[in-house]
Every structure is written in structure tokens, then in C-alpha cells.
$ cat structure01.cif   # mmCIF, C-alpha atoms
data_start
loop_
_atom_site.label_atom_id
_atom_site.label_comp_id
_atom_site.auth_asym_id
_atom_site.auth_seq_id
_atom_site.Cartn_x
_atom_site.Cartn_y
_atom_site.Cartn_z
CA MET A 1 144.48 191.07 110.58
CA GLU A 2 147.43 188.75 110.33
CA GLY A 3 148.36 187.33 106.92
CA LYS A 4 149.42 183.92 108.25
CA VAL A 5 146.90 181.07 108.06
CA TYR A 6 147.01 178.49 110.85
CA LEU A 7 146.22 174.89 109.97
CA ARG A 8 148.33 172.47 112.01
CA SER A 9 147.24 170.99 115.32
CA GLU A 10 150.20 172.59 117.09
CA ASP A 11 148.99 175.97 115.80
CA TYR A 12 145.87 175.51 117.91
CA GLU A 13 147.96 174.84 121.00
CA GLN A 14 150.06 177.94 120.46
CA HIS A 15 147.67 180.47 118.95
CA PHE A 16 144.01 179.60 119.67
CA SER A 17 142.35 181.92 122.21
CA PRO A 18 139.21 180.40 123.77
CA ARG A 19 137.90 183.77 124.95
CA ASP A 20 138.28 185.42 121.55
CA TYR A 21 136.47 182.46 120.00
CA LEU A 22 133.61 182.53 122.51
CA THR A 23 133.16 186.29 122.28
CA THR A 24 133.02 186.16 118.48
CA PHE A 25 130.72 183.19 117.94
CA TYR A 26 128.68 182.79 121.16
CA SER A 27 127.71 186.29 122.31
CA PHE A 28 124.11 185.19 121.95
CA ASP A 29 122.33 188.34 123.16
CA SER A 30 124.79 190.97 122.00
CA GLY A 31 126.57 189.40 119.03
CA MET A 32 125.94 189.51 115.28
CA VAL A 33 122.67 188.17 113.82
CA ALA A 34 124.39 185.59 111.57
CA GLU A 35 126.25 183.96 114.45
CA ARG A 36 123.10 183.93 116.59
CA GLU A 37 121.06 182.24 113.84
CA ILE A 38 123.65 179.48 113.49
CA VAL A 39 123.60 178.84 117.23
CA LYS A 40 119.79 178.68 117.09
CA PHE A 41 119.96 176.18 114.22
CA SER A 42 122.34 174.04 116.30
CA LEU A 43 120.20 174.19 119.43
CA GLN A 44 116.96 173.42 117.58
CA ASN A 45 118.42 170.33 115.91
CA LEU A 46 120.06 169.12 119.10
CA HIS A 47 116.79 169.61 120.99
CA GLN A 48 114.92 167.55 118.39
CA THR A 49 117.61 164.86 118.45
CA PHE A 50 117.80 164.37 122.22
CA SER A 51 114.29 165.28 123.40
CA ALA A 52 111.74 162.75 124.63
CA GLY A 53 111.49 159.85 122.21
CA GLY A 54 114.82 160.71 120.63
CA ILE A 55 118.35 159.40 121.07
CA LYS A 56 119.27 158.43 124.62
CA GLY A 57 121.48 156.03 126.56
CA ASP A 58 124.13 155.68 129.22
CA VAL A 59 127.22 157.29 127.68
CA LEU A 60 127.72 160.16 125.24
CA ILE A 61 131.25 161.08 124.11
CA ASP A 62 131.73 164.57 122.72
CA ILE A 63 134.75 164.95 120.45
CA GLY A 64 136.24 168.40 119.85
CA SER A 65 134.19 170.19 122.49
CA GLY A 66 136.33 173.30 122.18
CA PRO A 67 135.67 175.71 125.05
CA THR A 68 131.89 175.29 124.59
CA ILE A 69 128.99 173.54 126.34
CA TYR A 70 125.96 174.79 124.33
CA HIS A 71 125.70 171.56 122.30
CA LEU A 72 125.40 169.41 125.45
CA LEU A 73 122.45 171.21 127.04
CA SER A 74 119.80 168.97 125.46
CA ALA A 75 121.95 165.83 125.61
CA CYS A 76 122.37 166.01 129.40
CA GLU A 77 118.67 165.13 129.74
CA ALA A 78 119.11 161.98 127.66
CA PHE A 79 122.38 160.45 128.95
CA ARG A 80 123.58 159.32 132.34
CA GLU A 81 127.18 160.30 131.62
CA ILE A 82 128.85 162.73 129.21
CA ILE A 83 132.57 162.62 128.38
CA VAL A 84 133.97 165.80 126.79
CA SER A 85 137.27 166.16 124.94
CA ASP A 86 139.42 168.59 123.02
CA TYR A 87 142.91 168.87 121.59
CA THR A 88 144.06 172.13 123.14
CA PRO A 89 144.88 172.51 126.85
CA GLN A 90 143.46 176.04 126.96
CA ASN A 91 140.07 174.83 125.75
CA LEU A 92 140.03 172.08 128.36
CA GLN A 93 140.89 174.67 131.02
CA GLU A 94 138.05 176.91 129.86
CA LEU A 95 135.65 173.97 130.04
CA GLN A 96 136.81 173.06 133.53
CA LYS A 97 136.24 176.63 134.70
CA TRP A 98 132.58 176.45 133.78
CA LEU A 99 132.06 172.90 134.99
CA LYS A 100 133.56 173.77 138.38
CA LYS A 101 131.72 177.13 138.59
CA GLU A 102 135.00 178.98 138.98
CA PRO A 103 135.25 182.79 138.96
CA GLY A 104 135.74 184.14 135.45
CA ALA A 105 133.99 181.22 133.73
CA TYR A 106 132.21 182.13 130.49
CA ASP A 107 128.59 183.19 130.93
CA TRP A 108 126.39 180.75 128.99
CA SER A 109 123.14 181.83 130.67
CA ALA A 110 121.50 183.40 127.59
CA ILE A 111 122.01 180.23 125.54
CA VAL A 112 120.95 178.00 128.44
CA GLN A 113 117.75 180.03 128.80
CA HIS A 114 117.04 179.60 125.08
CA VAL A 115 117.38 175.80 125.37
CA CYS A 116 115.10 175.76 128.41
CA GLU A 117 112.58 177.78 126.39
CA LEU A 118 112.70 175.10 123.69
CA GLU A 119 112.02 172.54 126.43
CA GLY A 120 109.07 174.53 127.75
CA ASP A 121 110.30 176.49 130.78
CA ARG A 122 112.87 179.26 130.39
CA SER A 123 112.99 179.81 134.16
CA LYS A 124 114.73 176.48 134.80
CA TRP A 125 118.06 177.54 133.30
CA GLN A 126 119.99 177.33 136.57
CA GLU A 127 118.75 173.78 137.10
CA LYS A 128 119.82 172.97 133.55
CA GLU A 129 123.34 174.28 134.17
CA ALA A 130 123.62 172.23 137.36
CA LYS A 131 122.35 169.12 135.56
CA LEU A 132 124.98 169.40 132.84
CA GLN A 133 127.74 170.09 135.35
CA ARG A 134 126.80 166.88 137.20
CA THR A 135 126.48 164.82 134.02
CA VAL A 136 129.94 165.60 132.60
CA THR A 137 132.19 163.03 134.27
CA HIS A 138 135.47 163.30 132.32
CA VAL A 139 137.37 166.06 130.51
CA LEU A 140 139.91 164.42 128.19
CA LYS A 141 142.47 165.32 125.55
CA CYS A 142 141.68 164.06 122.06
CA ASP A 143 143.43 164.01 118.71
CA VAL A 144 141.19 162.87 115.86
CA THR A 145 144.20 162.38 113.57
CA LYS A 146 145.61 159.60 115.77
CA THR A 147 144.59 156.13 116.92
CA PRO A 148 143.35 155.83 119.61
CA LEU A 149 141.97 159.34 119.42
CA LEU A 150 141.55 159.58 123.21
CA GLY A 151 145.09 158.41 123.88
CA SER A 152 145.49 156.13 126.87
CA ALA A 153 142.15 157.09 128.43
CA GLN A 154 139.92 154.09 129.10
CA VAL A 155 136.33 154.86 128.11
CA PRO A 156 133.34 152.58 127.54
CA LEU A 157 131.83 152.20 124.09
CA ALA A 158 129.33 155.02 123.70
CA ASP A 159 125.64 155.04 122.90
CA CYS A 160 126.26 158.32 121.08
CA VAL A 161 129.28 160.20 119.74
CA LEU A 162 128.71 163.90 119.19
CA THR A 163 130.94 166.36 117.34
CA CYS A 164 129.88 169.88 116.42
CA LEU A 165 131.87 172.33 114.29
CA ALA A 166 135.12 170.54 115.05
CA MET A 167 136.07 168.04 112.36
CA GLU A 168 136.33 170.57 109.53
CA CYS A 169 138.77 172.58 111.67
CA ALA A 170 140.78 169.65 113.03
CA CYS A 171 141.29 168.00 109.62
CA PRO A 172 143.47 169.68 106.99
CA ASP A 173 142.23 167.54 104.09
CA LEU A 174 139.49 165.15 103.02
CA GLU A 175 141.48 161.98 103.65
CA THR A 176 142.14 163.03 107.24
CA TYR A 177 138.45 163.90 107.68
CA GLN A 178 137.29 160.51 106.41
CA ALA A 179 139.74 158.69 108.66
CA ALA A 180 138.69 160.82 111.64
CA LEU A 181 135.02 159.87 111.20
CA CYS A 182 136.03 156.21 111.17
CA ARG A 183 137.82 156.76 114.48
CA LEU A 184 134.72 158.42 115.91
CA ALA A 185 132.53 155.52 114.79
CA GLY A 186 135.00 153.18 116.48
CA LEU A 187 133.98 154.70 119.84
CA LEU A 188 130.36 153.62 119.30
CA LYS A 189 128.51 150.50 120.31
CA PRO A 190 126.97 148.69 117.32
CA GLY A 191 123.65 150.46 116.84
CA GLY A 192 124.93 153.59 118.55
CA HIS A 193 124.45 157.03 117.03
CA LEU A 194 126.86 159.49 115.48
CA VAL A 195 125.64 163.09 115.59
CA THR A 196 127.66 165.74 113.79
CA MET A 197 127.29 169.32 112.67
CA VAL A 198 129.69 170.81 110.13
CA THR A 199 130.30 174.08 108.31
CA LEU A 200 129.84 173.56 104.58
CA ARG A 201 132.22 174.97 101.98
CA PHE A 202 134.40 176.21 104.80
CA GLN A 203 137.56 178.15 104.01
CA HIS A 204 138.73 179.82 107.21
CA TYR A 205 137.56 181.51 110.42
CA MET A 206 138.95 184.22 112.67
CA VAL A 207 139.83 183.89 116.35
CA GLY A 208 140.79 187.39 117.36
CA PRO A 209 143.39 188.46 114.76
CA LYS A 210 144.36 184.84 113.94
CA LYS A 211 143.07 183.05 110.83
CA PHE A 212 142.48 179.28 111.07
CA ALA A 213 141.74 177.08 108.05
CA GLY A 214 140.46 173.52 107.58
CA VAL A 215 138.85 171.15 105.10
CA TYR A 216 136.30 172.19 102.45
CA LEU A 217 133.20 169.98 102.67
CA GLU A 218 130.05 169.60 100.58
CA LYS A 219 126.85 167.92 101.84
CA GLU A 220 127.50 164.86 99.68
CA THR A 221 131.07 164.58 100.99
CA VAL A 222 129.86 164.56 104.58
CA GLU A 223 127.20 161.94 103.90
CA LYS A 224 129.64 159.69 102.06
CA ALA A 225 132.25 159.96 104.82
CA VAL A 226 129.63 159.03 107.43
CA GLN A 227 128.55 156.03 105.34
CA ASN A 228 132.16 154.96 104.78
CA ALA A 229 132.58 155.00 108.56
CA GLY A 230 130.01 152.20 108.75
CA CYS A 231 127.01 154.35 109.67
CA GLN A 232 123.57 154.73 108.12
CA VAL A 233 122.48 158.34 107.66
CA LEU A 234 119.09 158.85 109.34
CA LYS A 235 118.86 162.63 109.01
CA CYS A 236 120.78 165.22 107.02
CA SER A 237 119.53 168.76 107.46
CA CYS A 238 121.31 171.49 105.48
CA VAL A 239 120.51 175.19 105.52
CA PRO A 240 121.99 178.18 103.64
CA LEU A 241 123.30 179.85 106.78
CA SER A 242 126.68 181.54 106.78
CA TYR A 243 128.71 183.36 109.39
CA SER A 244 129.53 187.06 109.12
CA GLN A 245 132.25 187.27 106.48
CA ALA A 246 134.53 189.18 108.81
CA TYR A 247 134.57 186.14 111.11
CA CYS A 248 134.29 183.10 108.84
CA VAL A 249 134.10 182.26 105.14
CA ASN A 250 131.61 179.43 104.55
CA ASP A 251 128.41 178.68 102.66
CA GLY A 252 125.87 176.57 104.56
CA MET A 253 125.54 174.40 107.65
CA CYS A 254 124.84 170.67 107.84
CA PHE A 255 123.45 168.62 110.74
CA VAL A 256 123.65 164.82 110.47
CA VAL A 257 122.30 161.99 112.62
CA ALA A 258 123.51 158.48 111.76
CA ARG A 259 123.41 155.00 113.27
CA LYS A 260 126.37 152.63 113.39
CA LYS A 261 125.57 149.41 111.58
CA PRO A 262 125.73 146.13 113.53
CA GLN A 263 128.98 145.28 111.75
CA CYS A 264 131.38 148.06 110.82
CA LEU A 265 133.74 146.42 108.34
CA LYS A 266 136.15 149.17 107.38
CA PRO A 267 139.71 148.76 108.66
CA LEU A 268 141.44 152.08 109.20
CA ALA A 269 145.02 150.83 109.37
CA ASP A 270 145.51 149.96 105.68
CA LYS A 271 145.45 153.40 104.06
CA SER A 272 146.71 151.95 100.78
CA LEU A 273 143.28 150.46 100.08
CA PRO A 274 140.59 152.48 98.29
CA TRP A 275 137.65 153.27 100.55
CA GLY A 276 135.35 151.00 98.55
CA SER A 277 137.69 148.04 99.08
CA TYR A 278 137.76 148.21 102.87
CA GLY A 279 134.75 145.95 103.50
CA LYS A 280 135.94 143.22 101.09
CA HIS A 281 139.42 143.32 102.59
CA LEU A 282 138.24 142.83 106.17
CA LYS A 283 135.82 140.07 105.14
CA SER A 284 138.79 138.21 103.67
CA LEU A 285 140.43 138.40 107.10
CA ALA A 286 137.33 137.24 108.98
CA PRO A 287 138.35 133.55 109.20
CA GLN A 288 141.51 134.64 111.02
CA LEU A 289 139.50 136.51 113.65
CA SER A 290 137.87 134.29 116.23
CA ASN A 291 135.99 137.09 118.02
CA THR A 292 133.14 138.49 115.89
CA ASP A 293 132.69 141.38 118.35
CA HIS A 294 136.20 142.46 117.46
CA VAL A 295 135.33 142.42 113.77
CA ALA A 296 132.28 144.57 114.44
CA SER A 297 134.27 147.16 116.34
CA ILE A 298 136.94 147.77 113.74
CA CYS A 299 136.27 151.04 111.96
#
$ encode --input "structure01.cif" --output "C-alpha cells"
Amino acid sequence: MEGKVYLRSEDYEQHFSPRDYLTTFYSFDSGMVAEREIVKFSLQNLHQTFSAGGIKGDVLIDIGSGPTIYHLLSACEAFREIIVSDYTPQNLQELQKWLKKEPGAYDWSAIVQHVCELEGDRSKWQEKEAKLQRTVTHVLKCDVTKTPLLGSAQVPLADCVLTCLAMECACPDLETYQAALCRLAGLLKPGGHLVTMVTLRFQHYMVGPKKFAGVYLEKETVEKAVQNAGCQVLKCSCVPLSYSQAYCVNDGMCFVVARKKPQCLKPLADKSLPWGSYGKHLKSLAPQLSNTDHVASIC
């Protein structure tokens, strides 16, 4: 095990191995029990969120997809178009391999079968894979620490923004995490949904021999950051699940569903203002802004 701890975004570009990550955390049939239970928790909550009568729409944007597709298997039944994104080129390449059915693509069949079982018919897993591969329309680079987080890519406002097990790794501190959630909310239509899953009390995780760190989050911190991003928390499900200590040091998992309020009045640009002052500050600027839709979209 290496002594160095990787934290910076450029560390991910240089040192993150998608295959080591997938083998460690998503070997569903042959991997460790702790990792499997966390995947099951994710899939169950995502199934409940996007199943019939749940969240649906035209466009879902997934931020920090990593090299994974498990979290999109339920969503592809509820959205016409899914846009995936990640910071590292190697993760985007791994995603493209699976989406294009290229030789050597990661085998997600065991997890796909589990999702199909939740939906009532395990035998339809190949149809499910094909459906997701058709539904993903764009694979983009993202950087949640910058504005705009999708760079020059032109994307429509989303009905749902999804991010699973990404923000706590992409953000080195709480301030960066709070600002990143505001950027995510800025991708949403008013009334759109933000769905996020995070590792609580996270310290670091292993990708092969490399140790990657991130931001330490409590349940209350996550809820407050979501609210400060202009969203109303509709569901917050926390469980005392932890990864195998050899792979990750954490204590608990948290799944949140929130709705963006009709007016999101929290300007991101002025970092000198306390979070509680953001709404009052933007209201003071309202007379200078002739387009109320613009006011509603600032987050």
C-alpha cells in the first residue's frame, strides 16, 4: 500500500484506474459482502425513486458517473435522454466501451439482472442493457469545482440531476462541496429533482494500491448543503453501512431526493458572502434583472 494520499483533481487523471475501482467495488457476485450490500442499497433506492409513479421526465444529467452504469439502470425507464459525465478521460473511455458494446467492456450483467429482478423479471436483463445504451445520448467531461461544470457543452435544463458516490471524492473540503451542489442545482429546471447518494464520514478509499481522499460529511451537512442549493429535501435515507475497511474508511451511507424550488436565489459567484446571506443579496439585485427566469436559474 502506498503512503501517499491523492486528493487533487489532477491526481485522478494521472493515478485513477477504472478497472481496479470496478473490480473492488462492483464485483457483485464474487466480491465482498459489505460492497455488495452497499450496491443493493443503491439499487433499491434508485428503483423506488424512478419506478412507476416516481420521478420521470425528458432529460436526466448524471454528474460524476465514474466508469459505472449501475445507477442508471432504473432511470433509463423514466427518462427519454440521459447525459453522463465524468472528470477523468479514462473513466469516460470505460463508459464508452460498455455503451458501444466493445470487446473488453466491464461485465455488468449480474447487477443488471438484480435490477430486473427488482422490476419483476430477471430474464429481461439484456433488454435492459440495450435500453440504457440507447438512452445515453452524450458522454461529457465535467468538473464540479468550475463554472460551468460541463465546460462549453450545450445541454438543456434537466428534469433530474443525479450524482452517486462522486461529490465526496471530487470535493476536498466542505466549501467546495457546497458550491458544487449549487452548480448541480443550476442544471435543473425549476421544480426538477436532485438525487444524490453520498458516503458518510468518509476518510479515504483504495483504488488498487492508490489511496484517494475527499470531504468528511455528516447527514446534517448533506441536508443543509442541498437546502442551501435552493432545493427542498423530500427524502433522506441513511443506513449504517460501511465498506470493507481494507477498501474504504467510512461510517454510513445517505440517499437524498430533493426538488429545486421555483426560485433558486443563491448566487454562487460572491464567495465572500455567508451562505445565509445569499438570498437577501440576490433579492437586492432583483430590480436590476429584467428577466425573472434568469433570477430563478441562478444557483
$ atom_distance --input "structure01.cif" --atom1 "CA of Pro262 in chain A" --atom2 "CA of Cys142 in chain A"
25.5 Å
$ closest_residue --input "structure01.cif" --among "A:Ser30, A:Asn45, A:Gln245, A:Thr137" --to "Phe202 in chain A" --atoms "only C-alpha atoms"
A:Gln245
$ resolve_selection --input "structure01.cif" --expression "the PyMOL selection byres ((chain A and resi 124-130) around 12)" --output "PyMOL selection string"
chain A and resi 69-70+72-77+98-101+107-123+131-136
$ atom_distance --input "structure01.cif" --atom1 "CA of Lys235 in chain A" --atom2 "CA of Phe255 in chain A"
7.7 Å
$ atom_distance --input "structure01.cif" --atom1 "CA of Tyr6 in chain A" --atom2 "CA of Thr23 in chain A"
19.6 Å
$ resolve_selection --input "structure01.cif" --expression "the PyMOL selection byres ((chain A and resi 258) around 6)" --output "PyMOL selection string"
chain A and resi 193-194+231-234+257+259
$ decode --input "structure01.cif" --residues "range 199-214 of chain A" --atoms "all heavy atoms" --output "PDB file, in the first residue's frame"
ATOM      1  N   THR A 199     -21.263   8.912   0.675  1.00  0.00           N
ATOM      2  CA  THR A 199     -20.639   8.125   1.736  1.00  0.00           C
ATOM      3  C   THR A 199     -20.460   9.030   2.956  1.00  0.00           C
ATOM      4  O   THR A 199     -19.813  10.067   2.860  1.00  0.00           O
ATOM      5  CB  THR A 199     -19.263   7.617   1.276  1.00  0.00           C
ATOM      6  OG1 THR A 199     -19.404   6.986   0.001  1.00  0.00           O
ATOM      7  CG2 THR A 199     -18.700   6.625   2.255  1.00  0.00           C
ATOM      8  N   LEU A 200     -21.053   8.649   4.065  1.00  0.00           N
ATOM      9  CA  LEU A 200     -20.962   9.470   5.268  1.00  0.00           C
ATOM     10  C   LEU A 200     -19.660   9.208   6.021  1.00  0.00           C
ATOM     11  O   LEU A 200     -19.124   8.096   6.011  1.00  0.00           O
ATOM     12  CB  LEU A 200     -22.149   9.189   6.186  1.00  0.00           C
ATOM     13  CG  LEU A 200     -23.529   9.595   5.657  1.00  0.00           C
ATOM     14  CD1 LEU A 200     -24.608   9.203   6.659  1.00  0.00           C
ATOM     15  CD2 LEU A 200     -23.599  11.081   5.333  1.00  0.00           C
ATOM     16  N   ARG A 201     -19.185  10.278   6.677  1.00  0.00           N
ATOM     17  CA  ARG A 201     -17.977  10.210   7.499  1.00  0.00           C
ATOM     18  C   ARG A 201     -16.832   9.516   6.739  1.00  0.00           C
ATOM     19  O   ARG A 201     -16.114   8.674   7.264  1.00  0.00           O
ATOM     20  CB  ARG A 201     -18.283   9.525   8.841  1.00  0.00           C
ATOM     21  CG  ARG A 201     -19.240  10.354   9.701  1.00  0.00           C
ATOM     22  CD  ARG A 201     -19.650   9.669  10.979  1.00  0.00           C
ATOM     23  NE  ARG A 201     -20.673   8.656  10.756  1.00  0.00           N
ATOM     24  CZ  ARG A 201     -21.973   8.914  10.627  1.00  0.00           C
ATOM     25  NH1 ARG A 201     -22.419  10.157  10.691  1.00  0.00           N
ATOM     26  NH2 ARG A 201     -22.831   7.944  10.431  1.00  0.00           N
ATOM     27  N   PHE A 202     -16.725   9.913   5.508  1.00  0.00           N
ATOM     28  CA  PHE A 202     -15.736   9.345   4.582  1.00  0.00           C
ATOM     29  C   PHE A 202     -14.345   9.911   4.865  1.00  0.00           C
ATOM     30  O   PHE A 202     -14.181  11.104   5.089  1.00  0.00           O
ATOM     31  CB  PHE A 202     -16.176   9.693   3.152  1.00  0.00           C
ATOM     32  CG  PHE A 202     -15.141   9.464   2.085  1.00  0.00           C
ATOM     33  CD1 PHE A 202     -14.764   8.185   1.724  1.00  0.00           C
ATOM     34  CD2 PHE A 202     -14.558  10.537   1.434  1.00  0.00           C
ATOM     35  CE1 PHE A 202     -13.821   7.977   0.742  1.00  0.00           C
ATOM     36  CE2 PHE A 202     -13.617  10.340   0.435  1.00  0.00           C
ATOM     37  CZ  PHE A 202     -13.246   9.059   0.092  1.00  0.00           C
ATOM     38  N   GLN A 203     -13.345   9.026   4.849  1.00  0.00           N
ATOM     39  CA  GLN A 203     -11.961   9.459   5.030  1.00  0.00           C
ATOM     40  C   GLN A 203     -11.113   9.194   3.782  1.00  0.00           C
ATOM     41  O   GLN A 203     -10.474  10.095   3.262  1.00  0.00           O
ATOM     42  CB  GLN A 203     -11.343   8.763   6.250  1.00  0.00           C
ATOM     43  CG  GLN A 203     -12.026   9.153   7.557  1.00  0.00           C
ATOM     44  CD  GLN A 203     -11.355   8.521   8.763  1.00  0.00           C
ATOM     45  OE1 GLN A 203     -10.134   8.459   8.859  1.00  0.00           O
ATOM     46  NE2 GLN A 203     -12.160   8.043   9.692  1.00  0.00           N
ATOM     47  N   HIS A 204     -11.133   7.957   3.310  1.00  0.00           N
ATOM     48  CA  HIS A 204     -10.397   7.647   2.085  1.00  0.00           C
ATOM     49  C   HIS A 204     -10.873   6.309   1.520  1.00  0.00           C
ATOM     50  O   HIS A 204     -11.563   5.543   2.213  1.00  0.00           O
ATOM     51  CB  HIS A 204      -8.881   7.592   2.346  1.00  0.00           C
ATOM     52  CG  HIS A 204      -8.469   6.482   3.265  1.00  0.00           C
ATOM     53  ND1 HIS A 204      -8.195   6.697   4.599  1.00  0.00           N
ATOM     54  CD2 HIS A 204      -8.296   5.143   3.057  1.00  0.00           C
ATOM     55  CE1 HIS A 204      -7.865   5.553   5.166  1.00  0.00           C
ATOM     56  NE2 HIS A 204      -7.919   4.595   4.251  1.00  0.00           N
ATOM     57  N   TYR A 205     -10.518   6.034   0.273  1.00  0.00           N
ATOM     58  CA  TYR A 205     -10.803   4.727  -0.323  1.00  0.00           C
ATOM     59  C   TYR A 205      -9.627   4.315  -1.204  1.00  0.00           C
ATOM     60  O   TYR A 205      -8.815   5.151  -1.622  1.00  0.00           O
ATOM     61  CB  TYR A 205     -12.117   4.739  -1.105  1.00  0.00           C
ATOM     62  CG  TYR A 205     -12.127   5.535  -2.404  1.00  0.00           C
ATOM     63  CD1 TYR A 205     -12.198   4.888  -3.627  1.00  0.00           C
ATOM     64  CD2 TYR A 205     -12.092   6.935  -2.400  1.00  0.00           C
ATOM     65  CE1 TYR A 205     -12.235   5.613  -4.813  1.00  0.00           C
ATOM     66  CE2 TYR A 205     -12.126   7.654  -3.567  1.00  0.00           C
ATOM     67  CZ  TYR A 205     -12.199   6.991  -4.778  1.00  0.00           C
ATOM     68  OH  TYR A 205     -12.225   7.708  -5.960  1.00  0.00           O
ATOM     69  N   MET A 206      -9.545   3.012  -1.458  1.00  0.00           N
ATOM     70  CA  MET A 206      -8.429   2.450  -2.193  1.00  0.00           C
ATOM     71  C   MET A 206      -8.851   2.086  -3.614  1.00  0.00           C
ATOM     72  O   MET A 206      -9.907   1.492  -3.836  1.00  0.00           O
ATOM     73  CB  MET A 206      -7.902   1.192  -1.492  1.00  0.00           C
ATOM     74  CG  MET A 206      -7.472   1.395  -0.055  1.00  0.00           C
ATOM     75  SD  MET A 206      -6.159   2.620   0.152  1.00  0.00           S
ATOM     76  CE  MET A 206      -4.838   1.860  -0.819  1.00  0.00           C
ATOM     77  N   VAL A 207      -8.012   2.441  -4.566  1.00  0.00           N
ATOM     78  CA  VAL A 207      -8.181   2.018  -5.959  1.00  0.00           C
ATOM     79  C   VAL A 207      -6.882   1.317  -6.339  1.00  0.00           C
ATOM     80  O   VAL A 207      -5.881   1.980  -6.594  1.00  0.00           O
ATOM     81  CB  VAL A 207      -8.471   3.210  -6.894  1.00  0.00           C
ATOM     82  CG1 VAL A 207      -8.648   2.718  -8.323  1.00  0.00           C
ATOM     83  CG2 VAL A 207      -9.710   3.953  -6.427  1.00  0.00           C
ATOM     84  N   GLY A 208      -6.895  -0.011  -6.279  1.00  0.00           N
ATOM     85  CA  GLY A 208      -5.644  -0.739  -6.380  1.00  0.00           C
ATOM     86  C   GLY A 208      -4.787  -0.362  -5.176  1.00  0.00           C
ATOM     87  O   GLY A 208      -5.255  -0.337  -4.033  1.00  0.00           O
ATOM     88  N   PRO A 209      -3.515  -0.018  -5.399  1.00  0.00           N
ATOM     89  CA  PRO A 209      -2.651   0.378  -4.283  1.00  0.00           C
ATOM     90  C   PRO A 209      -2.720   1.863  -3.945  1.00  0.00           C
ATOM     91  O   PRO A 209      -2.045   2.335  -3.036  1.00  0.00           O
ATOM     92  CB  PRO A 209      -1.257   0.031  -4.814  1.00  0.00           C
ATOM     93  CG  PRO A 209      -1.362   0.265  -6.288  1.00  0.00           C
ATOM     94  CD  PRO A 209      -2.765  -0.124  -6.663  1.00  0.00           C
ATOM     95  N   LYS A 210      -3.565   2.625  -4.669  1.00  0.00           N
ATOM     96  CA  LYS A 210      -3.614   4.084  -4.509  1.00  0.00           C
ATOM     97  C   LYS A 210      -4.724   4.495  -3.539  1.00  0.00           C
ATOM     98  O   LYS A 210      -5.854   3.993  -3.621  1.00  0.00           O
ATOM     99  CB  LYS A 210      -3.842   4.760  -5.870  1.00  0.00           C
ATOM    100  CG  LYS A 210      -2.867   4.326  -6.980  1.00  0.00           C
ATOM    101  CD  LYS A 210      -1.482   4.836  -6.738  1.00  0.00           C
ATOM    102  CE  LYS A 210      -0.502   4.370  -7.808  1.00  0.00           C
ATOM    103  NZ  LYS A 210      -0.756   4.935  -9.127  1.00  0.00           N
ATOM    104  N   LYS A 211      -4.396   5.432  -2.653  1.00  0.00           N
ATOM    105  CA  LYS A 211      -5.356   5.909  -1.654  1.00  0.00           C
ATOM    106  C   LYS A 211      -5.857   7.300  -2.050  1.00  0.00           C
ATOM    107  O   LYS A 211      -5.083   8.233  -2.220  1.00  0.00           O
ATOM    108  CB  LYS A 211      -4.691   5.971  -0.278  1.00  0.00           C
ATOM    109  CG  LYS A 211      -5.615   6.412   0.855  1.00  0.00           C
ATOM    110  CD  LYS A 211      -4.860   6.578   2.168  1.00  0.00           C
ATOM    111  CE  LYS A 211      -4.423   5.240   2.725  1.00  0.00           C
ATOM    112  NZ  LYS A 211      -3.829   5.417   4.089  1.00  0.00           N
ATOM    113  N   PHE A 212      -7.190   7.419  -2.185  1.00  0.00           N
ATOM    114  CA  PHE A 212      -7.818   8.688  -2.556  1.00  0.00           C
ATOM    115  C   PHE A 212      -8.676   9.195  -1.393  1.00  0.00           C
ATOM    116  O   PHE A 212      -9.427   8.424  -0.792  1.00  0.00           O
ATOM    117  CB  PHE A 212      -8.692   8.512  -3.801  1.00  0.00           C
ATOM    118  CG  PHE A 212      -7.923   8.243  -5.056  1.00  0.00           C
ATOM    119  CD1 PHE A 212      -7.512   6.952  -5.373  1.00  0.00           C
ATOM    120  CD2 PHE A 212      -7.593   9.275  -5.928  1.00  0.00           C
ATOM    121  CE1 PHE A 212      -6.797   6.697  -6.531  1.00  0.00           C
ATOM    122  CE2 PHE A 212      -6.868   9.031  -7.090  1.00  0.00           C
ATOM    123  CZ  PHE A 212      -6.468   7.736  -7.392  1.00  0.00           C
ATOM    124  N   ALA A 213      -8.571  10.482  -1.107  1.00  0.00           N
ATOM    125  CA  ALA A 213      -9.316  11.086   0.000  1.00  0.00           C
ATOM    126  C   ALA A 213     -10.381  12.041  -0.540  1.00  0.00           C
ATOM    127  O   ALA A 213     -10.508  12.249  -1.750  1.00  0.00           O
ATOM    128  CB  ALA A 213      -8.363  11.818   0.934  1.00  0.00           C
ATOM    129  N   GLY A 214     -11.149  12.639   0.377  1.00  0.00           N
ATOM    130  CA  GLY A 214     -12.196  13.573  -0.026  1.00  0.00           C
ATOM    131  C   GLY A 214     -12.724  14.321   1.181  1.00  0.00           C
ATOM    132  O   GLY A 214     -12.012  14.513   2.171  1.00  0.00           O
TER     133      GLY A 214
END
